[in-house]
Amino acid sequence: MKINDGFLAQMREATQLLQTEGPMAATAAIQRALHGASADSAPAQHTDWTAYLPQAPEMPDLNPQQTGADVLARFGKLARGAWAGAAARQQVEDVEVHEAPASDQEQTSKGRFIAGACTNGAGTRAYKLYIPSGYKDEPLPLVVMLHGCTQNPDDFAAGTGMNNVAEENNCFVVYPEQTKNANGSQCWNWFQPGDQRRDQGEPSILADITRELARNYKVDTSRIYVAGLSAGGAMAVVLAATYPELFAGVGVHSGLPYGVAHDVPSAFAAMKRRKLKAGARHEHLAQARQPAPLGKMVPAIVFHGDRDTTVSPLNGEQALAQCVPAAGDANARADVQQGTVPGGRTYTKTVIRDAQGKPVAEKWVVHGAGHAWSGGSRKGSYTDSKGPDASREMLRFFLAQRRTD
């Protein structure tokens, strides 16, 4: 079936909206076109997305002989590019970007930081592996670290300082690298259905990197953990949901829950969740789709700045409740502590314990912090040196967890 002139006009309108107001307004125009609404009958909501978009993409002339599916496919390609650019631009707004280190030697002088790659049916991803100087015959824990948008393994390792913490605790750390072919801003595609399922897409590649390292090195398979920042934090939760038998714990820094997005517009909507007042929040949560708990509890530690305007802190709360359902229970055994980093930020730390009193979850709210790795180094990007040391606290929490099945 060929598209008619009215549909073609509405698709041109959607293209213009993509360039001027962003993906969400453009998607609304597409939905009106698909439902036969006129351009004037349902005006788009004017959300100011222009500040976060890269240079407007150039849309090729639409051909009236194309099918509606053809046009939507071409539009979708542009929207995915706009999503990648918007995510990168907004991160830049939230936190100063520091210069990345010139060489690996600046990151560590004790262990080895080596390059590798893993390929399966879903594709190939390179990685950097930190091998501590104390690695000999005893199996060691492994931490999988997933970088945020526009980052890479060297940058992320330098910013988080995780290699130094791993050296102190005799652990492996692996940093998989997203490709620009998969995402223009090197974001992990946590919001794509094909990258949210076991044995498919990016989760399968990341799981195979983990398994490959466990085969090639002496890794304690009962102590493998995954953590990430922003899109990497969201992908860490995807791995906890899809491969719970691999990971004994998950760390989510400024990330999102599993399954709250399935495309570009829903990803933006999830990122922009807002805290509501108590009465309104209760009504809103009753109506909104809430992330379902994962099939199996995975001990979790969550860090989030309460001034994060890129990813709403509500996402951190929901990710924690997904991994450890008791974390969302008002009757859960929880210890709340207030603290201050000397010369830095204040924070609220909540520890959730199981029936035996063992800590199974921690939530760190860093007051005044934006979208950045807490306690990180200026040698890497998207870091906040004034906050508590997320790398040290995550590894402490991880090493107290061990998979028993």
# chains A, B, ... in the order shown; residues from 1 in each chain; ligands from 1

call {"tool": "select_by_dssp", "arguments": {"residues": "region 113-359 of chain A", "states": "strand (DSSP E or B)", "output": "PyMOL selection string"}}
result
chain A and resi 113-120+123-131+140-146+172-176+219-229+249-253+300-305+333-340+346-353+359

call {"tool": "closest_atom_pairs", "arguments": {"of": "region 301-397 of chain A", "to": "region 223-238 of chain A", "cutoff": "12 Å", "atoms": "only C-alpha atoms", "output": "JSON lines"}}
result
{"residue": "A:Ile301", "atom": "CA", "partner": "A:Ala227", "partner_atom": "CA", "distance": 9.0}
{"residue": "A:Val302", "atom": "CA", "partner": "A:Gly233", "partner_atom": "CA", "distance": 9.2}
{"residue": "A:Phe303", "atom": "CA", "partner": "A:Leu229", "partner_atom": "CA", "distance": 9.3}
{"residue": "A:His304", "atom": "CA", "partner": "A:Ser230", "partner_atom": "CA", "distance": 9.7}
{"residue": "A:Gly305", "atom": "CA", "partner": "A:Ser230", "partner_atom": "CA", "distance": 11.5}
{"residue": "A:Asp308", "atom": "CA", "partner": "A:Ser230", "partner_atom": "CA", "distance": 10.7}
{"residue": "A:Thr309", "atom": "CA", "partner": "A:Ser230", "partner_atom": "CA", "distance": 11.9}
{"residue": "A:Thr310", "atom": "CA", "partner": "A:Ser230", "partner_atom": "CA", "distance": 8.9}
{"residue": "A:Val311", "atom": "CA", "partner": "A:Ser230", "partner_atom": "CA", "distance": 7.5}
{"residue": "A:Ser312", "atom": "CA", "partner": "A:Ser230", "partner_atom": "CA", "distance": 10.7}
{"residue": "A:Pro313", "atom": "CA", "partner": "A:Ser230", "partner_atom": "CA", "distance": 11.2}
{"residue": "A:Asn315", "atom": "CA", "partner": "A:Ala234", "partner_atom": "CA", "distance": 9.5}
{"residue": "A:Gly316", "atom": "CA", "partner": "A:Gly233", "partner_atom": "CA", "distance": 9.6}
{"residue": "A:Gln318", "atom": "CA", "partner": "A:Val237", "partner_atom": "CA", "distance": 11.0}
{"residue": "A:Ala319", "atom": "CA", "partner": "A:Val237", "partner_atom": "CA", "distance": 7.4}
{"residue": "A:Leu320", "atom": "CA", "partner": "A:Val237", "partner_atom": "CA", "distance": 9.4}
{"residue": "A:Ala321", "atom": "CA", "partner": "A:Val237", "partner_atom": "CA", "distance": 11.4}
{"residue": "A:Gln322", "atom": "CA", "partner": "A:Val237", "partner_atom": "CA", "distance": 8.9}
{"residue": "A:Cys323", "atom": "CA", "partner": "A:Val237", "partner_atom": "CA", "distance": 7.9}
{"residue": "A:Val324", "atom": "CA", "partner": "A:Val237", "partner_atom": "CA", "distance": 11.6}
{"residue": "A:Gly370", "atom": "CA", "partner": "A:Ser230", "partner_atom": "CA", "distance": 11.5}
{"residue": "A:His371", "atom": "CA", "partner": "A:Ser230", "partner_atom": "CA", "distance": 7.9}
{"residue": "A:Ala372", "atom": "CA", "partner": "A:Leu229", "partner_atom": "CA", "distance": 8.0}
{"residue": "A:Trp373", "atom": "CA", "partner": "A:Leu229", "partner_atom": "CA", "distance": 7.0}
{"residue": "A:Ser374", "atom": "CA", "partner": "A:Leu229", "partner_atom": "CA", "distance": 10.2}
{"residue": "A:Gly376", "atom": "CA", "partner": "A:Leu229", "partner_atom": "CA", "distance": 11.7}
{"residue": "A:Ser381", "atom": "CA", "partner": "A:Leu229", "partner_atom": "CA", "distance": 11.3}
{"residue": "A:Tyr382", "atom": "CA", "partner": "A:Leu229", "partner_atom": "CA", "distance": 9.4}
{"residue": "A:Thr383", "atom": "CA", "partner": "A:Leu229", "partner_atom": "CA", "distance": 10.3}
{"residue": "A:Ala390", "atom": "CA", "partner": "A:Ala227", "partner_atom": "CA", "distance": 10.5}
{"residue": "A:Ser391", "atom": "CA", "partner": "A:Ala227", "partner_atom": "CA", "distance": 9.5}
{"residue": "A:Glu393", "atom": "CA", "partner": "A:Ala227", "partner_atom": "CA", "distance": 11.9}
{"residue": "A:Met394", "atom": "CA", "partner": "A:Ala227", "partner_atom": "CA", "distance": 8.3}
{"residue": "A:Leu395", "atom": "CA", "partner": "A:Tyr225", "partner_atom": "CA", "distance": 9.0}
{"residue": "A:Arg396", "atom": "CA", "partner": "A:Tyr225", "partner_atom": "CA", "distance": 11.6}
{"residue": "A:Phe397", "atom": "CA", "partner": "A:Tyr225", "partner_atom": "CA", "distance": 10.3}

call {"tool": "residues_around", "arguments": {"residues": "Ala334 (chain A)", "least_positions_apart": "2", "cutoff": "8 Å", "atoms": "only C-alpha atoms", "output": "ChimeraX atom specification"}}
result
/A:332,336,350-353

call {"tool": "write_last_selection", "arguments": {"atoms": "C-alpha atoms", "output": "JSON list (two decimals), in the first residue's frame"}}
result
[["chain", "number", "residue", "atom", "x", "y", "z"],
["A", 332, "ALA", "CA", 12.37, -3.84, 55.14],
["A", 336, "VAL", "CA", 20.14, 4.87, 57.26],
["A", 350, "THR", "CA", 20.87, 3.14, 53.22],
["A", 351, "VAL", "CA", 21.76, -0.50, 53.92],
["A", 352, "ILE", "CA", 19.05, -3.15, 53.37],
["A", 353, "ARG", "CA", 19.48, -6.46, 55.20]]

call {"tool": "atom_distance", "arguments": {"atom1": "CA of Pro244 (chain A)", "atom2": "CA of Arg333 (chain A)"}}
result
23.9 Å

call {"tool": "closest_residue", "arguments": {"among": "A:Cys118, A:Val366, A:Leu129, A:Leu399", "to": "Gln338 (chain A)", "atoms": "only C-alpha atoms"}}
result
A:Val366

call {"tool": "residues_around", "arguments": {"residues": "Phe113 (chain A)", "least_positions_apart": "2", "cutoff": "8 Å", "atoms": "only C-alpha atoms", "output": "VMD selection string"}}
result
chain A and resid 104 111 115 128 to 131

call {"tool": "write_last_selection", "arguments": {"atoms": "N, CA and C atoms", "output": "PDB file, in the first residue's frame"}}
result
ATOM      1  N   ASP A 104      48.342   4.332  29.268  1.00  0.00           N
ATOM      2  CA  ASP A 104      47.953   3.388  30.305  1.00  0.00           C
ATOM      3  C   ASP A 104      48.827   3.523  31.545  1.00  0.00           C
ATOM      4  N   GLY A 111      50.010  -3.506  38.195  1.00  0.00           N
ATOM      5  CA  GLY A 111      49.498  -4.636  37.435  1.00  0.00           C
ATOM      6  C   GLY A 111      49.651  -4.425  35.940  1.00  0.00           C
ATOM      7  N   ALA A 115      44.894  -5.524  26.232  1.00  0.00           N
ATOM      8  CA  ALA A 115      43.758  -5.460  25.313  1.00  0.00           C
ATOM      9  C   ALA A 115      43.353  -6.849  24.855  1.00  0.00           C
ATOM     10  N   LYS A 128      39.504  -4.042  27.640  1.00  0.00           N
ATOM     11  CA  LYS A 128      40.779  -3.938  28.343  1.00  0.00           C
ATOM     12  C   LYS A 128      40.628  -4.693  29.657  1.00  0.00           C
ATOM     13  N   LEU A 129      41.641  -5.490  29.993  1.00  0.00           N
ATOM     14  CA  LEU A 129      41.620  -6.309  31.206  1.00  0.00           C
ATOM     15  C   LEU A 129      42.739  -5.881  32.134  1.00  0.00           C
ATOM     16  N   TYR A 130      42.371  -5.581  33.391  1.00  0.00           N
ATOM     17  CA  TYR A 130      43.387  -5.304  34.405  1.00  0.00           C
ATOM     18  C   TYR A 130      43.693  -6.586  35.161  1.00  0.00           C
ATOM     19  N   ILE A 131      44.994  -6.953  35.176  1.00  0.00           N
ATOM     20  CA  ILE A 131      45.461  -8.138  35.896  1.00  0.00           C
ATOM     21  C   ILE A 131      46.324  -7.644  37.049  1.00  0.00           C
TER      22      ILE A 131
END

call {"tool": "closest_residue", "arguments": {"among": "A:Ser133, A:Glu245, A:Val365, A:Cys187", "to": "Thr404 (chain A)", "atoms": "only C-alpha atoms"}}
result
A:Glu245

call {"tool": "select_by_dssp", "arguments": {"residues": "region 95-285 of chain A", "states": "alpha helix (DSSP H)", "output": "PyMOL selection string"}}
result
chain A and resi 153-160+162-169+201-216+231-242+264-271+278-285

call {"tool": "write_last_selection", "arguments": {"atoms": "C-alpha atoms", "output": "PDB file, in the first residue's frame"}}
result
ATOM      1  CA  PRO A 153      37.930   1.625  28.622  1.00  0.00           C
ATOM      2  CA  ASP A 154      41.039   3.774  29.189  1.00  0.00           C
ATOM      3  CA  ASP A 155      38.966   6.840  30.046  1.00  0.00           C
ATOM      4  CA  PHE A 156      36.608   4.918  32.318  1.00  0.00           C
ATOM      5  CA  ALA A 157      39.425   3.141  34.133  1.00  0.00           C
ATOM      6  CA  ALA A 158      41.216   6.443  34.713  1.00  0.00           C
ATOM      7  CA  GLY A 159      38.095   8.244  35.911  1.00  0.00           C
ATOM      8  CA  THR A 160      36.843   5.568  38.279  1.00  0.00           C
ATOM      9  CA  MET A 162      38.920   0.982  39.750  1.00  0.00           C
ATOM     10  CA  ASN A 163      42.260  -0.527  38.704  1.00  0.00           C
ATOM     11  CA  ASN A 164      43.951   0.899  41.795  1.00  0.00           C
ATOM     12  CA  VAL A 165      41.196  -0.416  44.058  1.00  0.00           C
ATOM     13  CA  ALA A 166      41.386  -3.809  42.339  1.00  0.00           C
ATOM     14  CA  GLU A 167      45.154  -3.873  42.847  1.00  0.00           C
ATOM     15  CA  GLU A 168      44.650  -3.335  46.571  1.00  0.00           C
ATOM     16  CA  ASN A 169      42.064  -6.139  46.737  1.00  0.00           C
ATOM     17  CA  GLY A 201      22.688  -8.706  21.089  1.00  0.00           C
ATOM     18  CA  GLU A 202      25.002  -6.897  23.462  1.00  0.00           C
ATOM     19  CA  PRO A 203      24.096  -8.910  26.595  1.00  0.00           C
ATOM     20  CA  SER A 204      25.263 -12.087  24.870  1.00  0.00           C
ATOM     21  CA  ILE A 205      28.600 -10.502  23.868  1.00  0.00           C
ATOM     22  CA  LEU A 206      29.199  -9.164  27.384  1.00  0.00           C
ATOM     23  CA  ALA A 207      28.322 -12.533  28.915  1.00  0.00           C
ATOM     24  CA  ASP A 208      30.714 -14.259  26.510  1.00  0.00           C
ATOM     25  CA  ILE A 209      33.519 -11.837  27.425  1.00  0.00           C
ATOM     26  CA  THR A 210      32.938 -12.798  31.056  1.00  0.00           C
ATOM     27  CA  ARG A 211      32.928 -16.526  30.291  1.00  0.00           C
ATOM     28  CA  GLU A 212      35.995 -16.251  28.069  1.00  0.00           C
ATOM     29  CA  LEU A 213      37.996 -14.605  30.829  1.00  0.00           C
ATOM     30  CA  ALA A 214      36.830 -17.242  33.316  1.00  0.00           C
ATOM     31  CA  ARG A 215      38.186 -19.912  30.943  1.00  0.00           C
ATOM     32  CA  ASN A 216      41.469 -18.201  30.177  1.00  0.00           C
ATOM     33  CA  ALA A 231      23.960   3.726  29.956  1.00  0.00           C
ATOM     34  CA  GLY A 232      26.552   1.305  31.333  1.00  0.00           C
ATOM     35  CA  GLY A 233      24.668   1.173  34.626  1.00  0.00           C
ATOM     36  CA  ALA A 234      21.449   0.405  32.762  1.00  0.00           C
ATOM     37  CA  MET A 235      23.217  -2.351  30.805  1.00  0.00           C
ATOM     38  CA  ALA A 236      24.597  -3.749  34.074  1.00  0.00           C
ATOM     39  CA  VAL A 237      21.009  -4.244  35.235  1.00  0.00           C
ATOM     40  CA  VAL A 238      20.195  -5.889  31.890  1.00  0.00           C
ATOM     41  CA  LEU A 239      22.993  -8.394  32.546  1.00  0.00           C
ATOM     42  CA  ALA A 240      21.756  -9.015  36.099  1.00  0.00           C
ATOM     43  CA  ALA A 241      18.295  -9.734  34.658  1.00  0.00           C
ATOM     44  CA  THR A 242      19.404 -11.930  31.754  1.00  0.00           C
ATOM     45  CA  VAL A 264      14.232   6.146  21.713  1.00  0.00           C
ATOM     46  CA  PRO A 265      11.159   8.063  23.014  1.00  0.00           C
ATOM     47  CA  SER A 266      10.565   5.674  25.904  1.00  0.00           C
ATOM     48  CA  ALA A 267      14.269   5.894  26.804  1.00  0.00           C
ATOM     49  CA  PHE A 268      14.017   9.681  27.095  1.00  0.00           C
ATOM     50  CA  ALA A 269      10.806   9.352  29.107  1.00  0.00           C
ATOM     51  CA  ALA A 270      12.439   6.898  31.513  1.00  0.00           C
ATOM     52  CA  MET A 271      15.502   9.094  31.942  1.00  0.00           C
ATOM     53  CA  ALA A 278       3.967  11.957  48.596  1.00  0.00           C
ATOM     54  CA  GLY A 279       0.267  12.133  47.642  1.00  0.00           C
ATOM     55  CA  ALA A 280       0.819  12.678  43.943  1.00  0.00           C
ATOM     56  CA  ARG A 281       3.590  10.058  43.908  1.00  0.00           C
ATOM     57  CA  HIS A 282       1.258   7.380  45.277  1.00  0.00           C
ATOM     58  CA  GLU A 283      -1.368   8.106  42.622  1.00  0.00           C
ATOM     59  CA  HIS A 284       1.228   8.320  39.856  1.00  0.00           C
ATOM     60  CA  LEU A 285       2.911   5.041  40.774  1.00  0.00           C
TER      61      LEU A 285
END

call {"tool": "atom_distance", "arguments": {"atom1": "CA of Ala300 (chain A)", "atom2": "CA of Gln151 (chain A)"}}
result
23.4 Å

call {"tool": "closest_residue", "arguments": {"among": "A:Gly255, A:Pro342, A:Lys349, A:Ala292", "to": "Pro325 (chain A)", "atoms": "only C-alpha atoms"}}
result
A:Ala292

call {"tool": "closest_residue", "arguments": {"among": "A:Lys386, A:Lys272, A:His367, A:Lys379", "to": "Val341 (chain A)", "atoms": "only C-alpha atoms"}}
result
A:Lys386

call {"tool": "closest_residue", "arguments": {"among": "A:Leu142, A:Gly339, A:Gly161, A:Tyr217", "to": "Ser385 (chain A)", "atoms": "only C-alpha atoms"}}
result
A:Gly161

call {"tool": "decode", "arguments": {"residues": "region 160-176 of chain A", "atoms": "N, CA and C atoms", "output": "PDB file, in the first residue's frame"}}
result
ATOM      1  N   THR A 160      37.362   6.283  37.102  1.00  0.00           N
ATOM      2  CA  THR A 160      36.843   5.568  38.279  1.00  0.00           C
ATOM      3  C   THR A 160      37.940   5.153  39.249  1.00  0.00           C
ATOM      4  N   GLY A 161      39.169   5.014  38.743  1.00  0.00           N
ATOM      5  CA  GLY A 161      40.250   4.531  39.605  1.00  0.00           C
ATOM      6  C   GLY A 161      40.066   3.090  40.043  1.00  0.00           C
ATOM      7  N   MET A 162      39.222   2.349  39.321  1.00  0.00           N
ATOM      8  CA  MET A 162      38.920   0.982  39.750  1.00  0.00           C
ATOM      9  C   MET A 162      40.144   0.065  39.681  1.00  0.00           C
ATOM     10  N   ASN A 163      41.073   0.321  38.768  1.00  0.00           N
ATOM     11  CA  ASN A 163      42.260  -0.527  38.704  1.00  0.00           C
ATOM     12  C   ASN A 163      43.073  -0.452  39.991  1.00  0.00           C
ATOM     13  N   ASN A 164      43.199   0.744  40.551  1.00  0.00           N
ATOM     14  CA  ASN A 164      43.951   0.899  41.795  1.00  0.00           C
ATOM     15  C   ASN A 164      43.268   0.183  42.948  1.00  0.00           C
ATOM     16  N   VAL A 165      41.935   0.276  42.999  1.00  0.00           N
ATOM     17  CA  VAL A 165      41.196  -0.416  44.058  1.00  0.00           C
ATOM     18  C   VAL A 165      41.299  -1.927  43.875  1.00  0.00           C
ATOM     19  N   ALA A 166      41.249  -2.385  42.621  1.00  0.00           N
ATOM     20  CA  ALA A 166      41.386  -3.809  42.339  1.00  0.00           C
ATOM     21  C   ALA A 166      42.779  -4.318  42.697  1.00  0.00           C
ATOM     22  N   GLU A 167      43.786  -3.493  42.464  1.00  0.00           N
ATOM     23  CA  GLU A 167      45.154  -3.873  42.847  1.00  0.00           C
ATOM     24  C   GLU A 167      45.247  -4.095  44.353  1.00  0.00           C
ATOM     25  N   GLU A 168      44.632  -3.215  45.107  1.00  0.00           N
ATOM     26  CA  GLU A 168      44.650  -3.335  46.571  1.00  0.00           C
ATOM     27  C   GLU A 168      43.932  -4.584  47.052  1.00  0.00           C
ATOM     28  N   ASN A 169      42.890  -5.009  46.307  1.00  0.00           N
ATOM     29  CA  ASN A 169      42.064  -6.139  46.737  1.00  0.00           C
ATOM     30  C   ASN A 169      42.308  -7.405  45.915  1.00  0.00           C
ATOM     31  N   ASN A 170      43.304  -7.363  45.015  1.00  0.00           N
ATOM     32  CA  ASN A 170      43.686  -8.527  44.224  1.00  0.00           C
ATOM     33  C   ASN A 170      42.511  -9.055  43.401  1.00  0.00           C
ATOM     34  N   CYS A 171      42.019  -8.218  42.499  1.00  0.00           N
ATOM     35  CA  CYS A 171      40.875  -8.570  41.647  1.00  0.00           C
ATOM     36  C   CYS A 171      41.199  -8.287  40.183  1.00  0.00           C
ATOM     37  N   PHE A 172      40.559  -9.033  39.296  1.00  0.00           N
ATOM     38  CA  PHE A 172      40.546  -8.684  37.878  1.00  0.00           C
ATOM     39  C   PHE A 172      39.476  -7.623  37.643  1.00  0.00           C
ATOM     40  N   VAL A 173      39.716  -6.763  36.651  1.00  0.00           N
ATOM     41  CA  VAL A 173      38.680  -5.842  36.183  1.00  0.00           C
ATOM     42  C   VAL A 173      38.711  -5.851  34.660  1.00  0.00           C
ATOM     43  N   VAL A 174      37.552  -6.006  34.026  1.00  0.00           N
ATOM     44  CA  VAL A 174      37.476  -5.941  32.572  1.00  0.00           C
ATOM     45  C   VAL A 174      36.548  -4.801  32.165  1.00  0.00           C
ATOM     46  N   TYR A 175      36.980  -4.066  31.136  1.00  0.00           N
ATOM     47  CA  TYR A 175      36.237  -2.921  30.630  1.00  0.00           C
ATOM     48  C   TYR A 175      35.875  -3.182  29.167  1.00  0.00           C
ATOM     49  N   PRO A 176      34.705  -3.739  28.880  1.00  0.00           N
ATOM     50  CA  PRO A 176      34.291  -3.883  27.470  1.00  0.00           C
ATOM     51  C   PRO A 176      34.098  -2.512  26.831  1.00  0.00           C
TER      52      PRO A 176
END
